[in-house]
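Below is query-v4.txt, which holds compact mmCIF, C-alpha atoms.
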# COMPACT_ATOMS: atom_id res chain seq x y z
CA MET R 16 17.43 61.21 -14.19
CA ALA R 17 14.44 59.73 -12.37
CA LYS R 18 10.95 60.32 -13.72
CA SER R 19 8.37 62.19 -11.71
CA PRO R 20 5.68 60.10 -9.99
CA ASP R 21 3.13 61.43 -12.51
CA ALA R 22 5.16 60.56 -15.61
CA PHE R 23 3.95 58.00 -18.10
CA ARG R 24 6.03 54.82 -18.22
CA THR R 25 7.05 52.77 -21.24
CA ILE R 26 6.17 49.08 -21.20
CA SER R 27 9.70 48.15 -20.15
CA GLU R 28 9.59 50.61 -17.24
CA ALA R 29 6.11 49.42 -16.27
CA ALA R 30 7.18 45.77 -16.41
CA GLU R 31 10.13 46.48 -14.14
CA GLU R 32 8.02 48.45 -11.68
CA VAL R 33 5.22 45.85 -11.59
CA GLY R 34 7.57 42.88 -11.47
CA ALA R 35 6.16 41.07 -14.51
CA PRO R 36 7.59 40.60 -18.01
CA GLN R 37 6.44 42.85 -20.86
CA HIS R 38 4.67 40.03 -22.68
CA VAL R 39 2.65 39.33 -19.54
CA LEU R 40 1.47 42.95 -19.39
CA ARG R 41 0.36 42.70 -23.02
CA PHE R 42 -1.42 39.41 -22.24
CA TRP R 43 -3.22 40.96 -19.27
CA GLU R 44 -4.56 43.67 -21.60
CA THR R 45 -6.36 40.92 -23.54
CA LYS R 46 -7.79 39.31 -20.40
CA PHE R 47 -8.72 42.29 -18.25
CA SER R 48 -10.90 45.06 -19.71
CA PHE R 49 -9.73 47.45 -16.98
CA VAL R 50 -6.06 47.25 -18.08
CA VAL R 51 -5.93 49.94 -20.76
CA PRO R 52 -2.64 51.79 -21.27
CA VAL R 53 -2.52 54.85 -23.49
CA LYS R 54 -1.42 53.96 -27.01
CA ARG R 55 0.10 56.26 -29.61
CA ALA R 56 -0.78 56.01 -33.26
CA GLY R 57 2.08 53.54 -33.83
CA GLY R 58 0.75 51.30 -31.05
CA ARG R 59 3.42 52.16 -28.49
CA ARG R 60 2.07 51.76 -24.96
CA PHE R 61 2.41 54.31 -22.17
CA TYR R 62 1.34 53.46 -18.63
CA ARG R 63 -0.04 56.09 -16.25
CA PRO R 64 0.57 55.84 -12.49
CA GLN R 65 -2.94 54.46 -12.03
CA ASP R 66 -2.24 51.78 -14.68
CA ILE R 67 0.83 50.73 -12.70
CA ALA R 68 -1.27 50.47 -9.52
CA VAL R 69 -3.85 48.30 -11.28
CA LEU R 70 -1.17 46.06 -12.82
CA THR R 71 0.55 45.70 -9.46
CA ALA R 72 -2.77 44.69 -7.89
CA VAL R 73 -3.39 42.15 -10.68
CA ARG R 74 0.07 40.65 -10.17
CA ARG R 75 -0.53 40.42 -6.43
CA LEU R 76 -3.94 38.80 -6.87
CA LEU R 77 -2.65 36.27 -9.38
CA HIS R 78 0.75 35.44 -7.95
CA GLU R 79 0.49 36.09 -4.23
CA ASP R 80 -3.20 35.60 -3.45
CA GLY R 81 -3.57 32.66 -5.84
CA LEU R 82 -6.58 33.88 -7.82
CA THR R 83 -7.11 32.70 -11.38
CA ILE R 84 -7.65 35.05 -14.32
CA ARG R 85 -11.38 34.32 -14.12
CA GLY R 86 -11.25 35.00 -10.39
CA VAL R 87 -9.75 38.45 -10.93
CA GLN R 88 -12.28 39.15 -13.71
CA ARG R 89 -15.14 38.11 -11.43
CA LEU R 90 -13.76 40.17 -8.54
CA HIS R 91 -13.62 43.25 -10.76
CA LYS R 92 -17.10 42.63 -12.18
CA GLU R 93 -18.69 42.10 -8.77
CA GLN R 94 -16.77 44.58 -6.63
CA GLY R 95 -14.98 46.99 -8.97
CA LEU R 96 -11.59 48.61 -8.73
CA LYS R 97 -11.92 49.28 -5.01
CA LYS R 98 -11.50 45.60 -4.27
CA LEU R 99 -8.58 45.29 -6.70
CA VAL R 100 -6.43 48.26 -5.73
CA GLY R 101 -7.94 49.61 -2.53
CA ALA R 102 -10.48 52.36 -1.94
CA GLU R 103 -8.13 55.36 -1.93
CA ALA R 104 -6.32 54.38 -5.13
CA ALA R 105 -9.60 53.44 -6.85
CA ALA R 106 -11.07 56.84 -6.03
CA LEU R 107 -8.12 58.54 -7.72
CA ILE R 108 -8.47 56.30 -10.77
CA GLU R 109 -12.22 56.90 -11.05
CA ASP R 110 -11.75 60.67 -10.67
CA GLY R 111 -9.12 60.63 -13.41
CA GLU R 112 -6.51 62.02 -11.06
CA THR R 113 -2.95 60.81 -10.80
CA PHE R 114 -1.33 59.19 -7.83
CA ALA R 115 0.66 62.32 -7.02
CA ALA R 116 -1.72 63.01 -4.15
CA ILE R 117 -0.58 59.86 -2.34
CA ALA R 118 3.05 59.92 -3.45
CA THR R 119 5.75 61.69 -1.47
CA PRO R 120 6.27 65.06 -3.12
CA VAL R 121 9.68 65.62 -4.65
CA PRO R 122 10.83 69.23 -4.85
CA ALA R 123 11.26 70.43 -8.41
CA ARG R 124 14.73 71.41 -9.52
CA PRO R 125 15.82 73.17 -12.65
CA VAL R 126 16.97 70.77 -15.34
CA SER R 127 19.08 71.63 -18.34
CA MET R 128 17.98 69.45 -21.23
CA SER R 129 20.46 67.47 -23.25
CA HIS R 130 19.79 66.54 -26.86
CA ALA R 131 18.19 63.28 -25.64
CA GLY R 132 16.08 65.24 -23.14
CA ARG R 133 14.82 67.56 -25.86
CA ALA R 134 13.99 64.56 -28.06
CA GLU R 135 12.07 62.93 -25.19
CA HIS R 136 10.27 66.22 -24.55
CA ALA R 137 9.29 66.39 -28.23
CA ASP R 138 8.04 62.78 -28.06
CA LEU R 139 5.96 63.61 -25.01
CA GLN R 140 4.56 66.67 -26.77
CA GLY R 141 3.48 64.31 -29.56
CA VAL R 142 1.80 62.02 -27.03
CA LEU R 143 0.03 65.00 -25.51
CA ALA R 144 -1.19 66.15 -28.93
CA ASP R 145 -2.49 62.63 -29.67
CA LEU R 146 -4.31 62.57 -26.34
CA GLU R 147 -5.87 65.98 -26.91
CA GLN R 148 -7.11 64.87 -30.34
CA ALA R 149 -8.57 61.69 -28.87
CA LYS R 150 -10.29 63.69 -26.13
CA ALA R 151 -11.79 66.05 -28.70
CA ARG R 152 -13.14 63.10 -30.69
CA LEU R 153 -14.60 61.50 -27.56
CA ASP R 154 -16.18 64.77 -26.48
CA ALA R 155 -17.78 65.12 -29.92
CA VAL R 156 -19.17 61.57 -29.78
CA LEU R 157 -20.47 62.05 -26.26
CA SER R 158 -22.14 65.35 -27.08
CA ARG R 159 -23.86 63.74 -30.10
CA SER R 160 -25.14 60.85 -27.98
CA VAL R 161 -26.47 63.27 -25.32
CA GLU R 162 -28.27 65.31 -28.01
CA LYS R 163 -29.91 62.15 -29.39
CA SER R 164 -31.20 61.15 -25.96
CA PHE R 165 -33.30 64.33 -25.71
Using the file provided, produce a representation of the structure as C-alpha cells.
Amino acid sequence: MAKSPDAFRTISEAAEEVGAPQHVLRFWETKFSFVVPVKRAGGRRFYRPQDIAVLTAVRRLLHEDGLTIRGVQRLHKEQGLKKLVGAEAAALIEDGETFAAIATPVPARPVSMSHAGRAEHADLQGVLADLEQAKARLDAVLSRSVEKSF
C-alpha cells in the first residue's frame, strides 16, 4: 500500500526517494543546519515531505550543479530556503504546511487494517504523542522567554 503524500518517511524510504544512501542523509544532517528530520525518543528518524524536498534540492546542488558543501551552506545563509528548493516549496516549509497543496490529490479509499497496519498505526500514534509533548515543551519555553522580554 502506497503512503499518502503527507506521510512521514523512514530513512530508508527517504533515501530511496531522494536518490542518496542512508548514511549520506545522516551525514548531511551534520553539515546542514536546515536538514532536521523528526526524531523519536529512540533516535529513529522520520522525514516530512518538506524534508524530502530539501534533501532532494541538496542532492541536486551537490551532485548535478557541482556545488561544494560549503557552497550549499553559503547559499542557504545568504539566500535562504527559497534559493535551495524554490519559492513555492520554501513558502510551504516556512509556513509549516505540508506539500499536499502542490501534490496531485489522491482520492481516499476505505482501508481494512491488517495486524501490521494496526501496529504501524500504533507506532504513528506514538510519534504523534512524542511530537505533541515536544510542542508543549517548546510552547512553554517560548512563553517564558516572551514574559522575560517585557
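Among the candidates R:Arg24, R:Arg85, R:Arg75, R:Arg60, the one nearest to Lys46 in chain R when counting all atoms listed in the file is R:Arg85.
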Query raised in the report: What is the CA of Ala35 in chain R-CA of Glu79 in chain R distance in Å, reported with one decimal?
Result: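 It comes out at 12.8 Å.
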**Report entry** Among the residues R:Val39, R:Leu77, R:Val53, R:Ile84, the one that comes closest to Thr25 in chain R [using all atoms listed in the file]
**Finding:**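 Closest candidate: R:Val53.
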Pull the closest atom pair for each residue of range 30-82 of chain R that gets at most 9 Å from range 131-153 of chain R, along with the distance in Å to one decimal, counting only C-alpha atoms, ordering rows by chain and then ascending residue number, as JSON lines.
{"residue": "R:Val53", "atom": "CA", "partner": "R:Leu146", "partner_atom": "CA", "distance": 8.4}
{"residue": "R:Lys54", "atom": "CA", "partner": "R:Val142", "partner_atom": "CA", "distance": 8.7}
{"residue": "R:Arg55", "atom": "CA", "partner": "R:Val142", "partner_atom": "CA", "distance": 6.5}
{"residue": "R:Ala56", "atom": "CA", "partner": "R:Asp145", "partner_atom": "CA", "distance": 7.7}
Report task. Find the spatial neighbours of Tyr62 in chain R, counting all atoms listed in the file, within a cut-off of 9 Å - ignore same-chain residues fewer than 3 positions away - and output them as a list in words. Result ->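 Contacts, with the query itself left out: Ala22, Phe23, Arg24, Thr25, Ile26, Glu28, Ala29, Val51, Pro52, Val53, Lys54, Gln65, Asp66 and Ile67 of chain R.
The gap separating CA of Arg74 in chain R from CA of Val33 in chain R is 7.5 Å, in Å to one decimal.
Take CA of Thr71 in chain R and CA of Gly58 in chain R: the distance between them is 22.3 Å.
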